Amino acid sequence: MIKTYDTNDYDVIVVGAGHAGCEAALASAKMGQKTLLLTISLDMVAFMPCNPSVGGPAKGTVVREIDALGGQMGKSIDASYIQMRMLNTGKGPAVQALRAQADKWQYHEHMKNVIEATKNLTLRQATVDELIVEDGVCCGLVTNTGAKYHAKSVVLTTGTSARGRIYIGELNYSSGPNNTIPAIKLSENLEKLGFKLRRFKTGTPPRVNSNTIDYSKTEEEPGDQVPRHFSFESRDEDYLKEQVSCWMTYTNQTTHQIINENLTRSPMFSGQIKGVGPRYCPSIETKVVRFADRERHQIFLEPEGEKTEEVYVGDFSTSMPEEIQLKMLHSVAGLEHAEMMRPGYAIEYDVIDPWQLKHTLETKKIKNLYTAGQMNGTSGYEEAAGQGLIAGINAALRAAGKGDFTVGRDEAYIGVLIDDLVTKGTEEPYRLLTSRAEYRLILRHDNADLRLTEYGHQLGLISNERYSQFLTKKEHIKEAMQRLKAITIHPDEPVREFMESISEPPLKAGIKADVFLRRPRVKIEDIERLSGVSISNERYVREQLEINIKYAGYIKKEQQQIDRLHRQEAKKIPAGIDYQAIGGLATEARQKFEKIRPETIAQAERISGVNPADIAILSVYVQNGRYAKINK
Amino acid sequence: MVKTLTEFDTIAAISTPIGEGGISIVRMSGEDAVKIANTVFKGANLLKVPTHTIHYGHIIDPALKQTIDEVMVSVMLAPKTFTREDIVEINCHGGIIVTNRILQLLLKQGARMAEAGEFTKRAFVNGRIDLTQAESVMDIVRAKTDRARQVAESQLEGGLLEKIRALRQQILDTLANVEVNIDYPEYDADTITAEQMISVSKSVVSKIDHLLATATEGTVLRNGLATAIIGQPNVGKSSLLNYLTKSDTAIVTDVAGTTRDTLEEYVSVKGVPLKLIDTAGIRDTDNKVEKIGVERSKQALAKADLVLLLFDASKSLSAEDYALIEATNKKKRIVILNKTDLEQKITSAEVKKITGSEVVAISVLQEKNIELLEEEIKKLFFKGIKNSNDQVMVTNQRQVSLLEKAKKQLQEVVESLENEIPVDIAQIDFNGAWDTLGEITGDSSPDELVNELFNQFCLGK
């Protein structure tokens, strides 16, 4: 038994310094709370144990949302990317997505430096063994070295460390990600405190030495020329000109044969791994088995950084024995002579069933205790960071004695993510997808700042300087819209010629320029040329104008749905409501309500297995509080 | 997941029992009630009239510029109304076909078909009904919703459910593919093009059209139950026809067919809309020499959903009568023994034995027992469905209006794509159509799409 000792008190303590923990700690410290950030290994701060990239569909939007709320991820990736690409450029504005290849060591270093330089924030290496809970309130924790810290609120972000176990073929051992020390006692402590934990599984592919890859047999995927960034504070002139390429190759029948012949040696198939893996990120062996008719699967070769030869073999995650991994790799075009530097592995870890959380990510069971990131059942750095930010903000607000902060499904992908988790739970590691958002035309990456900067500023996470820039941008959009609406396009000769050139029917009479812009092939520059009026020189302003006008009809449709959502959200359900006493509820609905304890009627509607009659009955009870008191 | 509870949209329903009473009321409740009513009302501008007033005018189909009925419209603005929302009540001259058409018109203009008990539910939710009534009202909400669902399910048997599910699957396949294109842009799945989405949309629209045309209840609702009155000359066909068409609940709309022979008349019997076939042939008694019953009747029979087969109680059954029995064996039929006022040569029991069908004995001349015939028609129509009050109509109209809504959404998809709106945006309506069809089958769940994504495609990082 280690002798414990009392050490400093903090306002907020964050456990874990992965993508969730870093955002939580930075937000808390920047909001003025004395904050302690504990990590099992200082070398793992904001580390990317899997793919070296940030962003992509839905996730890229989350990074911008984090940035608009005053988080760090966007700035750190903008400081450490080696390639930047806009995906889905051929599609509509709602689904375009920015993705960066990161130099994962540079990213780690950048984030660590920011944390070290932040006022009110202490970074320390420690393993947390248990929480100090008094009368259902978390008020500190104890480390394995015996240090007792007291705090007003605690955020847990254990990632894949909680009782982590790595599998490589027949080999398996207790470990956190990337062979770090796992957190064992904390899981036991959480179970003792009454939390329901479950096992999830994820995995990572092997890494190979770049010098041993024959790139001539692969296809190049270069970065973009047009400058783009995640953070609204980054400047175009800082855009990286010399970018590193990624490369694409494919598996083949030989690869599949090797996998099929050795399936019994994969712990995924031998039954050794009990944890639930993500469907969207299956191991290569799972893909080969489930999609047996496919002749090949794509593989992306992604450099792990600028100053390393390690290359991440994307879409090739595996828990096969090392010997088989080598054979599999060598069967792939371009990798015939590749030297494997690290084998791929599967990792099992503990997660907390997320219906045990509120929208603030505070646990329902223990007050002032928050959880975020992969331990809440998600997967992905961006999903983790988004949650970390919300948990950190709320932990800081609580420590300061202020009210909660949440974002809605109609405000941010982060809102969709958290609401899905706490309302539906998850049966597998949860990844954000654009299809999970009902209002994706409103939740665009290009308007994340317009949606959320106001909140960031109110919370004290957005500087006054940035806020005034934001207000200026808003003003410029408004002015440009007014300029546009003041223009009339007349059916004169140049306009007639222009319409002919874009194969549109000629104008019969003069029309307002904003109406004219609704035509799919008409661009703002055409209007400027035809009218001789300059609308705006700022590309972000022009972008907003064009999207808001061209898709006005659809935006309005989503807005109407949102208005309805708000009315349902305005119907709060009293926290202590006794579902047993409500007559007429179906048994399944009653059980779900008791387990999830929805906060509003809108949330109750989203619970699976609950039908409209149950909602009607429930809303009757909570309406105006008039029927909330229960007879009998 | 429950679809967003549509508590605040505008709902409409026929609020009087079908076919009973001379006047029917179509009631609307919700924010847009007055606005919607105003789009189909010719008379005072309803948007400007004071609350709790009643107005004379006409209901017009704005698309066809056709007058549908002469009506009185009551406008009652929130909060002093039954539901505490704006309410409009259209008092029409009754008769299910006109009433139904007015309802359909309101649905087209943006109202939603009310669920069973929904007006009451709103009244309660909005605090209109006393606390002491709470428990019982909730029981009603519960019971009505469940019963409505049962009715919906039973009506959906016979393949309709499967057909709608197939349509949803067809949409879902494309949707999942679009999502993969978005969420996994580098994954080598085929990219769904505007052309493909247009083609899927059109294909689904044409199948919806087919469903709208063939769904029996839907057809019956809109066109009436095709009914043939069959029997030998002088058996009383024209008397029965005259009786049915002149009854004061009847709406007689002459629809000239392609030939004089197919002249049809519409009547409402106990709320059941009937389309009487070959009424000209029946009325054309002067032109005697009748080509003869069987020949002529066969043509009408071919089109009939329901046969009213008449025999003369004062005569023995003839060879022609037997031929008619034979010809109608496979049809839904009601056997009628007319002229019971005369001396009877055959009895109901005998006819029942011969035909194997229930027999209704009546005298059209004395208007005796015709009530029994009407009951029999009603019974046959609502067969298999408990509580024939308004639920059959509700469910039917709900299906029809949801199918029409899905169709409209898909047409918008096509229109948008043809206007070069990107696939992922036009998809908003495509998704909407999928949800709408799911409302018919009760299958709406957002997780369906995500599941489909992972079942169909091999995705991974």
# chains A, B, ... in the order shown; residues from 1 in each chain; ligands from 1
call {"tool": "residues_around", "arguments": {"residues": "Thr202 in chain A", "least_positions_apart": "5", "cutoff": "8 Å", "atoms": "only C-alpha atoms", "output": "PyMOL selection string"}}
result
chain A and resi 277-278+281+346-348+429
call {"tool": "residues_around", "arguments": {"residues": "Tyr430 in chain A", "least_positions_apart": "2", "cutoff": "8 Å", "atoms": "only C-alpha atoms", "output": "VMD selection string"}}
result
chain A and resid 278 377 to 379 426 428 432
call {"tool": "write_last_selection", "arguments": {"atoms": "N, CA and C atoms", "output": "short mmCIF file (atom, residue, chain, number, x, y, z; two decimals), in the first residue's frame"}}
result
data_model
loop_
_atom_site.label_atom_id
_atom_site.label_comp_id
_atom_site.auth_asym_id
_atom_site.auth_seq_id
_atom_site.Cartn_x
_atom_site.Cartn_y
_atom_site.Cartn_z
N PRO A 278 -15.24 -1.27 -34.49
CA PRO A 278 -16.03 -0.37 -35.32
C PRO A 278 -16.26 -0.94 -36.71
N GLY A 377 -16.81 6.04 -25.79
CA GLY A 377 -17.26 5.15 -26.85
C GLY A 377 -17.06 5.68 -28.25
N THR A 378 -16.36 6.81 -28.40
CA THR A 378 -16.16 7.31 -29.75
C THR A 378 -14.83 6.83 -30.30
N SER A 379 -14.55 7.23 -31.51
CA SER A 379 -13.29 6.92 -32.14
C SER A 379 -12.92 8.16 -32.95
N THR A 426 -23.99 3.77 -27.64
CA THR A 426 -23.42 3.26 -28.88
C THR A 426 -22.99 1.83 -28.68
N GLU A 428 -20.84 0.33 -30.74
CA GLU A 428 -19.52 0.15 -31.34
C GLU A 428 -18.81 1.49 -31.24
N LEU A 432 -18.26 10.04 -36.28
CA LEU A 432 -19.18 11.00 -36.89
C LEU A 432 -19.24 10.76 -38.38
#
call {"tool": "residues_around", "arguments": {"residues": "range 65-73 of chain B", "least_positions_apart": "6", "cutoff": "10 Å", "atoms": "only C-alpha atoms", "output": "MDAnalysis selection string"}}
result
chainID B and resid 23 25:27 37 40:44 46 53:59 88:94 98:99 101:102
call {"tool": "closest_atom_pairs", "arguments": {"of": "chain A", "to": "chain B", "cutoff": "8 Å", "atoms": "only C-alpha atoms", "output": "JSON lines"}}
result
{"residue": "A:Asn51", "atom": "CA", "partner": "B:Lys461", "partner_atom": "CA", "distance": 7.8}
{"residue": "A:Gly56", "atom": "CA", "partner": "B:Asp183", "partner_atom": "CA", "distance": 7.8}
{"residue": "A:Pro57", "atom": "CA", "partner": "B:Asp183", "partner_atom": "CA", "distance": 5.3}
{"residue": "A:Ala58", "atom": "CA", "partner": "B:Asp183", "partner_atom": "CA", "distance": 7.6}
{"residue": "A:Leu87", "atom": "CA", "partner": "B:Pro185", "partner_atom": "CA", "distance": 6.8}
{"residue": "A:Asn88", "atom": "CA", "partner": "B:Pro185", "partner_atom": "CA", "distance": 6.4}
{"residue": "A:Lys91", "atom": "CA", "partner": "B:Pro422", "partner_atom": "CA", "distance": 5.9}
{"residue": "A:Gly92", "atom": "CA", "partner": "B:Pro422", "partner_atom": "CA", "distance": 5.3}
{"residue": "A:Ala94", "atom": "CA", "partner": "B:Ile425", "partner_atom": "CA", "distance": 7.7}
{"residue": "A:Val95", "atom": "CA", "partner": "B:Ile182", "partner_atom": "CA", "distance": 6.4}
{"residue": "A:Arg279", "atom": "CA", "partner": "B:Phe454", "partner_atom": "CA", "distance": 6.4}
{"residue": "A:Tyr280", "atom": "CA", "partner": "B:Gly460", "partner_atom": "CA", "distance": 5.4}
{"residue": "A:Cys281", "atom": "CA", "partner": "B:Gly460", "partner_atom": "CA", "distance": 4.1}
{"residue": "A:Pro282", "atom": "CA", "partner": "B:Gly460", "partner_atom": "CA", "distance": 5.7}
{"residue": "A:Ser283", "atom": "CA", "partner": "B:Gly460", "partner_atom": "CA", "distance": 7.7}
{"residue": "A:Lys287", "atom": "CA", "partner": "B:Cys458", "partner_atom": "CA", "distance": 6.3}
{"residue": "A:Phe291", "atom": "CA", "partner": "B:Cys458", "partner_atom": "CA", "distance": 6.8}
{"residue": "A:Gln298", "atom": "CA", "partner": "B:Tyr187", "partner_atom": "CA", "distance": 7.4}
{"residue": "A:Gly314", "atom": "CA", "partner": "B:Lys461", "partner_atom": "CA", "distance": 5.7}
{"residue": "A:Asp315", "atom": "CA", "partner": "B:Lys461", "partner_atom": "CA", "distance": 4.3}
{"residue": "A:Phe316", "atom": "CA", "partner": "B:Lys461", "partner_atom": "CA", "distance": 7.5}
{"residue": "A:Ser317", "atom": "CA", "partner": "B:Lys461", "partner_atom": "CA", "distance": 7.7}
{"residue": "A:Leu433", "atom": "CA", "partner": "B:Asp183", "partner_atom": "CA", "distance": 6.3}
{"residue": "A:Thr434", "atom": "CA", "partner": "B:Asp183", "partner_atom": "CA", "distance": 6.6}
{"residue": "A:Ser435", "atom": "CA", "partner": "B:Glu179", "partner_atom": "CA", "distance": 6.6}
{"residue": "A:Arg436", "atom": "CA", "partner": "B:Pro446", "partner_atom": "CA", "distance": 7.6}
{"residue": "A:Leu441", "atom": "CA", "partner": "B:Ile425", "partner_atom": "CA", "distance": 7.6}
{"residue": "A:Pro520", "atom": "CA", "partner": "B:Glu420", "partner_atom": "CA", "distance": 6.1}
{"residue": "A:Tyr554", "atom": "CA", "partner": "B:Ile425", "partner_atom": "CA", "distance": 7.6}
{"residue": "A:Arg564", "atom": "CA", "partner": "B:Phe8", "partner_atom": "CA", "distance": 7.6}
{"residue": "A:Leu565", "atom": "CA", "partner": "B:Thr4", "partner_atom": "CA", "distance": 7.4}
{"residue": "A:Gly583", "atom": "CA", "partner": "B:Glu135", "partner_atom": "CA", "distance": 7.2}
{"residue": "A:Gly584", "atom": "CA", "partner": "B:Asp139", "partner_atom": "CA", "distance": 6.3}
{"residue": "A:Ala602", "atom": "CA", "partner": "B:Thr4", "partner_atom": "CA", "distance": 7.5}
{"residue": "A:Glu605", "atom": "CA", "partner": "B:Val2", "partner_atom": "CA", "distance": 5.2}
{"residue": "A:Arg606", "atom": "CA", "partner": "B:Met1", "partner_atom": "CA", "distance": 4.7}
{"residue": "A:Ile607", "atom": "CA", "partner": "B:Met1", "partner_atom": "CA", "distance": 5.2}
{"residue": "A:Ser608", "atom": "CA", "partner": "B:Met1", "partner_atom": "CA", "distance": 4.1}
{"residue": "A:Gly609", "atom": "CA", "partner": "B:Met1", "partner_atom": "CA", "distance": 6.3}
{"residue": "A:Val610", "atom": "CA", "partner": "B:Val2", "partner_atom": "CA", "distance": 6.5}
{"residue": "A:Asn611", "atom": "CA", "partner": "B:Val2", "partner_atom": "CA", "distance": 5.8}
{"residue": "A:Pro612", "atom": "CA", "partner": "B:Val2", "partner_atom": "CA", "distance": 6.3}
{"residue": "A:Ala613", "atom": "CA", "partner": "B:Arg142", "partner_atom": "CA", "distance": 5.6}
{"residue": "A:Asp614", "atom": "CA", "partner": "B:Arg142", "partner_atom": "CA", "distance": 7.7}
{"residue": "A:Ile615", "atom": "CA", "partner": "B:Leu5", "partner_atom": "CA", "distance": 8.0}
{"residue": "A:Ala616", "atom": "CA", "partner": "B:Lys121", "partner_atom": "CA", "distance": 7.7}
{"residue": "A:Ile617", "atom": "CA", "partner": "B:Met138", "partner_atom": "CA", "distance": 6.2}
{"residue": "A:Ser619", "atom": "CA", "partner": "B:Val125", "partner_atom": "CA", "distance": 7.1}
{"residue": "A:Val620", "atom": "CA", "partner": "B:Val125", "partner_atom": "CA", "distance": 5.1}
{"residue": "A:Gln623", "atom": "CA", "partner": "B:Val125", "partner_atom": "CA", "distance": 6.8}
{"residue": "A:Tyr627", "atom": "CA", "partner": "B:Leu131", "partner_atom": "CA", "distance": 7.4}
call {"tool": "select_by_dssp", "arguments": {"residues": "range 40-205 of chain A", "states": "strand (DSSP E or B)", "output": "number ranges by chain"}}
result
A: 53-55, 81-87, 97-102, 121-125, 128-134, 137-143, 147-156, 162, 165-168, 171-174, 183, 197-204
call {"tool": "atom_distance", "arguments": {"atom1": "CA of Val276 in chain A", "atom2": "CA of Phe200 in chain A"}}
result
4.6 Å
call {"tool": "residues_around", "arguments": {"residues": "Ala33 in chain B", "least_positions_apart": "2", "cutoff": "9 Å", "atoms": "only C-alpha atoms", "output": "list of chain:residue names"}}
result
B:Thr10, B:Ile11, B:Ala12, B:Met28, B:Ser29, B:Gly30, B:Glu31, B:Lys35, B:Ile36, B:Ala37, B:Asn38, B:Glu85, B:Asp86, B:Ile87, B:Val88, B:Ala111
call {"tool": "residues_around", "arguments": {"residues": "Met328 in chain A", "least_positions_apart": "2", "cutoff": "8 Å", "atoms": "only C-alpha atoms", "output": "PyMOL selection string"}}
result
chain A and resi 255+258-259+324-326+330-332
